[in-house]
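Some notes on the structure that comes next.
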Protein chains: 2
Amino acid sequence: MENRIVIVGGNAAGVSAASAARKIDRKANITLITEESYPPYSRCGLPYVISGDISRFEDLVIFPHSYFQMMKLDLLTQTTVKYVKPNEKVVIIEDAEGKTETVSYDKLILATGAKPFIPPIRGIKKREVYTLRNIKDGRLISRQAVAGKQAVIIGAGFVGLELAHALSIRGVKTLIVEMTPQILPTLLDQDMAKKTQGIIVEKGVMIITGKAVDEIDGKEKVEEVIVGEESFDADLVIIATGVLSRTELAIQAGLTIGSTKGIVVDQKMQTTIPDIYAAGDCVESKNMITDQPTLCQLGTTAMRQGKAAGINAAGGQSVFKGVLCSAVLKAFDLEIGATGLTTNKAEKNEMKTVSGSVRGKTRAEYFPGTQEIDVKIISDTSSSRVIGAQIIGTENVAQRINMLALGIQKQVTLEELVQIDACYSPPVADSWEVVTLAAEVTLRKHQMKIS
Amino acid sequence: MENRIVIVGGNAAGVSAASAARKIDRKANITLITEESYPPYSRCGLPYVISGDISRFEDLVIFPHSYFQMMKLDLLTQTTVKYVKPNEKVVIIEDAEGKTETVSYDKLILATGAKPFIPPIRGIKKREVYTLRNIKDGRLISRQAVAGKQAVIIGAGFVGLELAHALSIRGVKTLIVEMTPQILPTLLDQDMAKKTQGIIVEKGVMIITGKAVDEIDGKEKVEEVIVGEESFDADLVIIATGVLSRTELAIQAGLTIGSTKGIVVDQKMQTTIPDIYAAGDCVESKNMITDQPTLCQLGTTAMRQGKAAGINAAGGQSVFKGVLCSAVLKAFDLEIGATGLTTNKAEKNEMKTVSGSVRGKTRAEYFPGTQEIDVKIISDTSSSRVIGAQIIGTENVAQRINMLALGIQKQVTLEELVQIDACYSPPVADSWEVVTLAAEVTLRKHQMKIS
């Protein structure tokens, strides 16, 4: 009998699981079920269609129907899974016309993703208040992104900044309101956030931190936004305050949910009920440094977890070792990246830290076009291990983050990081690699602290 | 009494040593002696002045006289060290006017560098035959780089390719003749070299591999170059067949010279005679993977070794752990980088290898401007450790090489490398990092081989 694998959710984790399962088992019967009407596309690309960098939302469809045909995967779009019945090993699905059907599985993979967190702000249900999660949202926002309009973005995380950038390019006057004292609070320490904020504000975006939006005002549609004593005219409001794991099905099926409100899985991406796996934004992950559960709702994590779940569901062996939540975004000509723990997160985990930062160059000092780049390294005082890094620059940030992510994964110490045999050529790298310089500054501070 | 540190050689290793010594000992008496008339400049930048990317040779002077004043370092230009007398702890120097002087030292650092290797080719002393080692050479070549002329470059290493690129930009018709069967023989495996060669040839440069130049013909100046049965018109010839450690002083002083013909030093960069250190192109280094002595005549190695020598000479503690010879070059819009061992070198060290390569993207597939990038990973069959990597692309090669260099330094295995928590954002990175994909391909081949 063929292995029947049913996957709920057709984005990063789901497609990755399906593809990986197919590679392990050429005969398995694999079904992907998604509520969306599009075949799987890149969510991370949505802001770049609004900005105009990418021409059409359809360009984000990275897995067209032909892919599913080629891989012999059944893709059911506009289909909702209503129930999971683990004892009978079936799911009950409902299609766009409301027709229900019972589908049995040998292995089930939940890749139900996440949904936008909507803060309890008065007036938040008015017209012209948006979130950005799918292509439909993207189209709605894009239609409103008309030069001369005014937008308020609530939340200065990834999506908030990427959207602010996109709207600026479209000529929309943009205000970002961030409740915590800094932008990118999960990604950056306050000093690095401040540098970033300074650059973004110079580009004409207004940013308020440390204050919440108290009310969204207007007759039917948004007209103004109240922040403390101040009010700001607004033609549209975008809520970018993060996402919540979608765990309704998991809860209904009786799976254990963790303290982070994500589904609990082991290293094989198995949930607490046999033959049910879960992956992506809906699960909690283990932080590689602290070993603590964490939510790491990134496309890359979803893909890696989905792959592991797919391999295991198909009878292969794959272990997902945990996350560092390495991430990068590009907005306002800046690349902003980070991996591992921020100082804040480390301290919440009762680690003592030493950090150091350096401004360096991306190419030889004398080479035309060389750019400034800021690197901060965070280390654990007791072990001198590198536990986090943050980088801001206009180029070549992502691969430095990956270098440091690999270093952290391999438990690199500051003493080892300063020894890196980095390459150099005037047009592409500076003679002393800036990561080495940042490691040196941090090491000196570390040595002073422990002596 | 102040520590008297004398450094012979005023380029990468020498300046790095002097600067590091000064940071350790604010009172030391530090003298740098260089034959050159310019204060220290970047050799690696020479081809980019010839190409016109950089305006003037003077722009390469990264350590002007003011730097030496600020750091309180005595810089003697146009000065030669004639003898070292270790028993008396003095060096005999001679200035441009032929005046000699005896300078005593407490610690001596030899950073005498290297000189071009001149192959024994008939006619090689004719006019318009050049090497490229210093600014004077650069000026001579630049003066001859006139559109419509024809050049033959002997040697397809770093300098050969960078020069071919520079000459092409200047409109000089260029032929490269490489004696070994492939271009970049110390950097790349044959398959990666072939890919690179194909791209360069497309840009209009002619390349002959596996054949030597037999003769350089002409009355007084170069007129043609004979390669086997063929002859090629040539207005100028450039010899780019690598460099030889300059060890005359070291030999005269009685220091031990290794099998690689570089000066033998320990991890502190100490030579075999007390109080004499050596660093840079003139020393042999330890390969981090094989533990064998090797020549790694790169600017980065020189700087790192110079720094260690300077710190130790000044009474500090610094250990130089060895080299991977990570290197990158840019020519013909290509970035070509490598770290660790090539398959060839690994096999010469009696290691069995498995390698895999993948063509990936530098940004999301759908993001405008995404570029192809080829990554090859070489692993040791017995341990599954990564021991080498080679990357060719048009952007973002250098930092991937650094990532892999750090991985190799930390003895990363293929199983670990596929787990890297890489970052992703459509404009700056693809969702599956190409290094991960290359590691996966290699891991599959590895598993098939050992099973």
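Each chain in the structure tokens gets a letter, A, B, ..., in the order shown, and its residues are numbered from 1; ligands are numbered from 1 in order too.
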Under the rule of at most 7 Å, produce a per-residue listing of chain B near chain A: chain, number, name, the closest pair of atoms, and the distance in Å, as a tab-separated table, using only C-alpha atoms.
residue	atom	partner	partner_atom	distance
B:Cys44	CA	A:Pro426	CA	6.8
B:Gly45	CA	A:Pro426	CA	6.1
B:Ile54	CA	A:Phe367	CA	6.6
B:Asp59	CA	A:Tyr366	CA	6.5
B:Leu60	CA	A:Tyr366	CA	6.7
B:Thr300	CA	A:Ser431	CA	6.2
B:Val323	CA	A:Asp421	CA	6.5
B:Leu324	CA	A:Asp421	CA	6.3
B:Ser326	CA	A:Cys423	CA	4.9
B:Ala327	CA	A:Cys423	CA	4.5
B:Val328	CA	A:Cys423	CA	5.8
B:Leu329	CA	A:Ser425	CA	5.7
B:Lys330	CA	A:Pro427	CA	6.9
B:Tyr366	CA	A:Asp59	CA	6.5
B:Phe367	CA	A:Ile54	CA	6.6
B:Pro368	CA	A:Ile54	CA	6.9
B:Asn396	CA	A:Asn396	CA	6.5
B:Ala398	CA	A:Cys423	CA	6.5
B:Gln399	CA	A:Gln399	CA	5.4
B:Arg400	CA	A:Gln399	CA	5.9
B:Asn402	CA	A:Ala422	CA	5.1
B:Met403	CA	A:Met403	CA	4.0
B:Ala405	CA	A:Asp421	CA	6.3
B:Leu406	CA	A:Ile420	CA	5.8
B:Gly407	CA	A:Leu406	CA	6.7
B:Lys410	CA	A:Lys410	CA	6.6
B:Ile420	CA	A:Leu406	CA	5.8
B:Asp421	CA	A:Ser326	CA	6.1
B:Ala422	CA	A:Asn402	CA	5.1
B:Cys423	CA	A:Ala327	CA	4.5
B:Tyr424	CA	A:Val328	CA	6.0
B:Ser425	CA	A:Leu329	CA	5.7
B:Pro426	CA	A:Gly45	CA	6.1
B:Pro427	CA	A:Lys330	CA	6.9
B:Val428	CA	A:Ala398	CA	6.7
B:Ala429	CA	A:Ala398	CA	6.8
B:Ser431	CA	A:Thr300	CA	6.2
Step one, run DSSP on the backbone; step two, keep only residues of range 291-446 of chain A assigned to strand (DSSP E); then write them as an MDAnalysis selection string.
chainID A and resid 293:294 327:331 334:340 353:361 372:380 386:393
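Nearest residue to Val103 in chain A, choosing from A:Lys115, A:Arg139, A:Lys82, A:Arg246 and counting only C-alpha atoms: A:Lys82.
Between CA of Gly228 in chain A and CA of Ile124 in chain A the separation is 16.2 Å.
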Excluding range 197-201 of chain A and any residue of its chain fewer than 5 positions from it, enumerate the residues within 7 Å of it, using only C-alpha atoms, and give them as a PyMOL selection string.
chain A and resi 183+206-207+332
Please report, as a list in words, each residue of range 218-399 of chain B to which DSSP assigns helix (DSSP H, G or I) when run on this structure's backbone.
Glu248, Leu249, Ala250, Ile251, Gln252, Ala253, Gly299, Thr300, Thr301, Ala302, Met303, Arg304, Gln305, Gly306, Lys307, Ala308, Ala309, Gly310, Ile311, Asn312, Ala313, Thr343, Asn344, Lys345, Ala346, Glu347, Lys348, Ala398 and Gln399 of chain B
Can you tell me which residues surround range 258-272 of chain A at a distance of at most 9 Å, considering only C-alpha atoms, apart from same-chain residues fewer than 6 positions away, and format the answer as a ChimeraX atom specification?
/A:109,244-247,250-251,278-279,281-286,293-295,305-306,308-309,312-313,317-322
Can you list, as number ranges by chain, every protein, DNA or RNA residue that comes within 9 Å of range 371-385 of chain B when you count only C-alpha atoms, leaving out same-chain residues fewer than 4 positions away?
B: 192, 340-343, 346, 351-363, 365, 389-397, 408, 411-415, 434-435, 437-439, 442-443, 446, 449-450
Go ahead and save the residues from that selection, with N, CA and C atoms, as a CSV table (one decimal), in the first residue's frame.
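Heads up, here's the output in out-v8.csv:
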chain,number,residue,atom,x,y,z
B,192,MET,N,35.9,23.7,-12.1
B,192,MET,CA,35.6,25.1,-11.9
B,192,MET,C,36.5,26.0,-12.7
B,340,GLY,N,40.6,26.7,1.7
B,340,GLY,CA,41.0,25.3,2.0
B,340,GLY,C,41.7,24.6,0.9
B,341,LEU,N,41.5,23.3,0.7
B,341,LEU,CA,42.3,22.5,-0.2
B,341,LEU,C,41.5,22.4,-1.5
B,342,THR,N,42.2,22.3,-2.6
B,342,THR,CA,41.6,21.9,-3.9
B,342,THR,C,41.6,20.3,-3.8
B,343,THR,N,40.9,19.7,-4.7
B,343,THR,CA,40.9,18.2,-4.8
B,343,THR,C,42.3,17.7,-5.0
B,346,ALA,N,44.4,18.1,-1.9
B,346,ALA,CA,43.9,17.1,-0.9
B,346,ALA,C,44.5,15.7,-1.2
B,351,MET,N,44.5,12.4,1.1
B,351,MET,CA,43.2,12.4,1.6
B,351,MET,C,42.3,12.0,0.5
B,352,LYS,N,41.3,11.2,0.8
B,352,LYS,CA,40.2,10.8,-0.2
B,352,LYS,C,39.1,11.9,-0.1
B,353,THR,N,38.6,12.3,-1.2
B,353,THR,CA,37.7,13.4,-1.2
B,353,THR,C,36.4,13.0,-1.9
B,354,VAL,N,35.3,13.7,-1.4
B,354,VAL,CA,34.0,13.7,-2.2
B,354,VAL,C,33.7,15.2,-2.4
B,355,SER,N,33.3,15.5,-3.6
B,355,SER,CA,32.9,16.9,-3.8
B,355,SER,C,31.6,17.0,-4.6
B,356,GLY,N,31.0,18.1,-4.4
B,356,GLY,CA,29.7,18.3,-5.1
B,356,GLY,C,29.6,19.8,-5.4
B,357,SER,N,28.9,20.1,-6.6
B,357,SER,CA,28.7,21.5,-6.9
B,357,SER,C,27.3,21.7,-7.4
B,358,VAL,N,26.9,23.0,-7.2
B,358,VAL,CA,25.5,23.4,-7.5
B,358,VAL,C,25.6,24.8,-8.1
B,359,ARG,N,24.7,25.0,-9.0
B,359,ARG,CA,24.5,26.4,-9.5
B,359,ARG,C,23.2,26.9,-8.8
B,360,GLY,N,23.4,28.0,-8.1
B,360,GLY,CA,22.2,28.6,-7.4
B,360,GLY,C,22.0,30.1,-7.8
B,361,LYS,N,21.3,30.8,-7.0
B,361,LYS,CA,21.0,32.2,-7.3
B,361,LYS,C,21.4,33.0,-6.1
B,362,THR,N,21.8,34.3,-6.4
B,362,THR,CA,22.2,35.2,-5.3
B,362,THR,C,21.0,35.9,-4.7
B,363,ARG,N,19.9,35.9,-5.3
B,363,ARG,CA,18.7,36.5,-4.7
B,363,ARG,C,17.5,35.6,-5.1
B,365,GLU,N,14.7,33.8,-6.9
B,365,GLU,CA,14.6,33.5,-8.3
B,365,GLU,C,13.8,34.6,-9.1
B,389,ALA,N,36.5,24.7,-0.6
B,389,ALA,CA,35.3,25.3,-1.3
B,389,ALA,C,35.8,26.2,-2.4
B,390,GLN,N,35.0,26.3,-3.5
B,390,GLN,CA,35.3,27.1,-4.6
B,390,GLN,C,34.0,27.7,-5.1
B,391,ILE,N,34.0,29.0,-5.3
B,391,ILE,CA,32.8,29.7,-5.7
B,391,ILE,C,33.1,30.7,-6.9
B,392,ILE,N,32.2,30.6,-7.9
B,392,ILE,CA,32.3,31.6,-9.0
B,392,ILE,C,31.0,32.2,-9.2
B,393,GLY,N,31.0,33.5,-9.3
B,393,GLY,CA,29.7,34.3,-9.5
B,393,GLY,C,30.0,35.7,-9.9
B,394,THR,N,29.0,36.5,-10.0
B,394,THR,CA,29.2,37.9,-10.3
B,394,THR,C,29.0,38.8,-9.1
B,395,GLU,N,28.5,38.2,-8.0
B,395,GLU,CA,28.4,39.0,-6.7
B,395,GLU,C,28.3,38.1,-5.5
B,396,ASN,N,28.7,38.6,-4.4
B,396,ASN,CA,28.5,37.9,-3.1
B,396,ASN,C,29.3,36.6,-3.0
B,397,VAL,N,30.4,36.6,-3.6
B,397,VAL,CA,31.3,35.4,-3.5
B,397,VAL,C,32.2,35.5,-2.2
B,408,ILE,N,35.4,25.6,7.9
B,408,ILE,CA,36.6,24.7,7.9
B,408,ILE,C,37.4,24.8,9.1
B,411,GLN,N,36.1,23.0,11.8
B,411,GLN,CA,35.9,21.5,11.4
B,411,GLN,C,34.5,21.1,11.2
B,412,VAL,N,33.8,21.9,10.4
B,412,VAL,CA,32.4,21.6,10.1
B,412,VAL,C,32.3,20.4,9.2
B,413,THR,N,31.3,19.6,9.5
B,413,THR,CA,31.0,18.4,8.7
B,413,THR,C,29.9,18.8,7.7
B,414,LEU,N,29.8,17.9,6.7
B,414,LEU,CA,28.7,18.1,5.7
B,414,LEU,C,27.4,18.1,6.4
B,415,GLU,N,27.2,17.2,7.4
B,415,GLU,CA,25.9,17.0,8.1
B,415,GLU,C,25.6,18.3,8.8
B,434,VAL,N,22.6,28.8,-1.4
B,434,VAL,CA,23.3,27.9,-2.4
B,434,VAL,C,24.4,27.1,-1.7
B,435,VAL,N,25.0,27.6,-0.7
B,435,VAL,CA,26.1,26.8,0.0
B,435,VAL,C,25.4,25.6,0.7
B,437,LEU,N,22.7,24.1,-0.4
B,437,LEU,CA,22.4,23.1,-1.5
B,437,LEU,C,23.6,22.4,-2.0
B,438,ALA,N,24.8,23.1,-2.1
B,438,ALA,CA,26.0,22.4,-2.5
B,438,ALA,C,26.4,21.4,-1.4
B,439,ALA,N,26.2,21.7,-0.1
B,439,ALA,CA,26.5,20.8,1.0
B,439,ALA,C,25.6,19.6,0.9
B,442,THR,N,26.8,17.3,-1.9
B,442,THR,CA,28.0,16.6,-1.5
B,442,THR,C,27.7,15.5,-0.5
B,443,LEU,N,26.9,15.9,0.4
B,443,LEU,CA,26.5,14.9,1.5
B,443,LEU,C,25.9,13.6,0.9
B,446,HIS,N,28.6,11.7,-0.6
B,446,HIS,CA,29.4,11.1,0.5
B,446,HIS,C,28.7,9.9,1.1
B,449,LYS,N,28.9,7.0,-1.2
B,449,LYS,CA,30.3,6.4,-1.2
B,449,LYS,C,30.6,5.6,0.0
B,450,ILE,N,30.1,6.0,1.2
B,450,ILE,CA,30.5,5.2,2.4
B,450,ILE,C,29.6,4.1,2.6
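Residue nearest Val243 in chain B, chosen from B:Gly113, B:Gly52, B:Gly218, B:Gly9 and counting only C-alpha atoms: B:Gly113.
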Contact residues around Glu230 in chain B with only C-alpha atoms at 10 Å, ignoring same-chain residues under 3 positions, as a count of residues only
5
Just want the 12 Å neighbourhood of Ala314 in chain A, counted on only C-alpha atoms, with same-chain residues fewer than 6 positions away dropped. Output as JSON, numbers by chain.
{"A": [2, 3, 4, 5, 6, 7, 17, 18, 19, 20, 21, 22, 23, 24, 25, 26, 27, 28, 29, 30, 105, 106, 107, 108, 109, 268, 275, 277, 307, 308]}
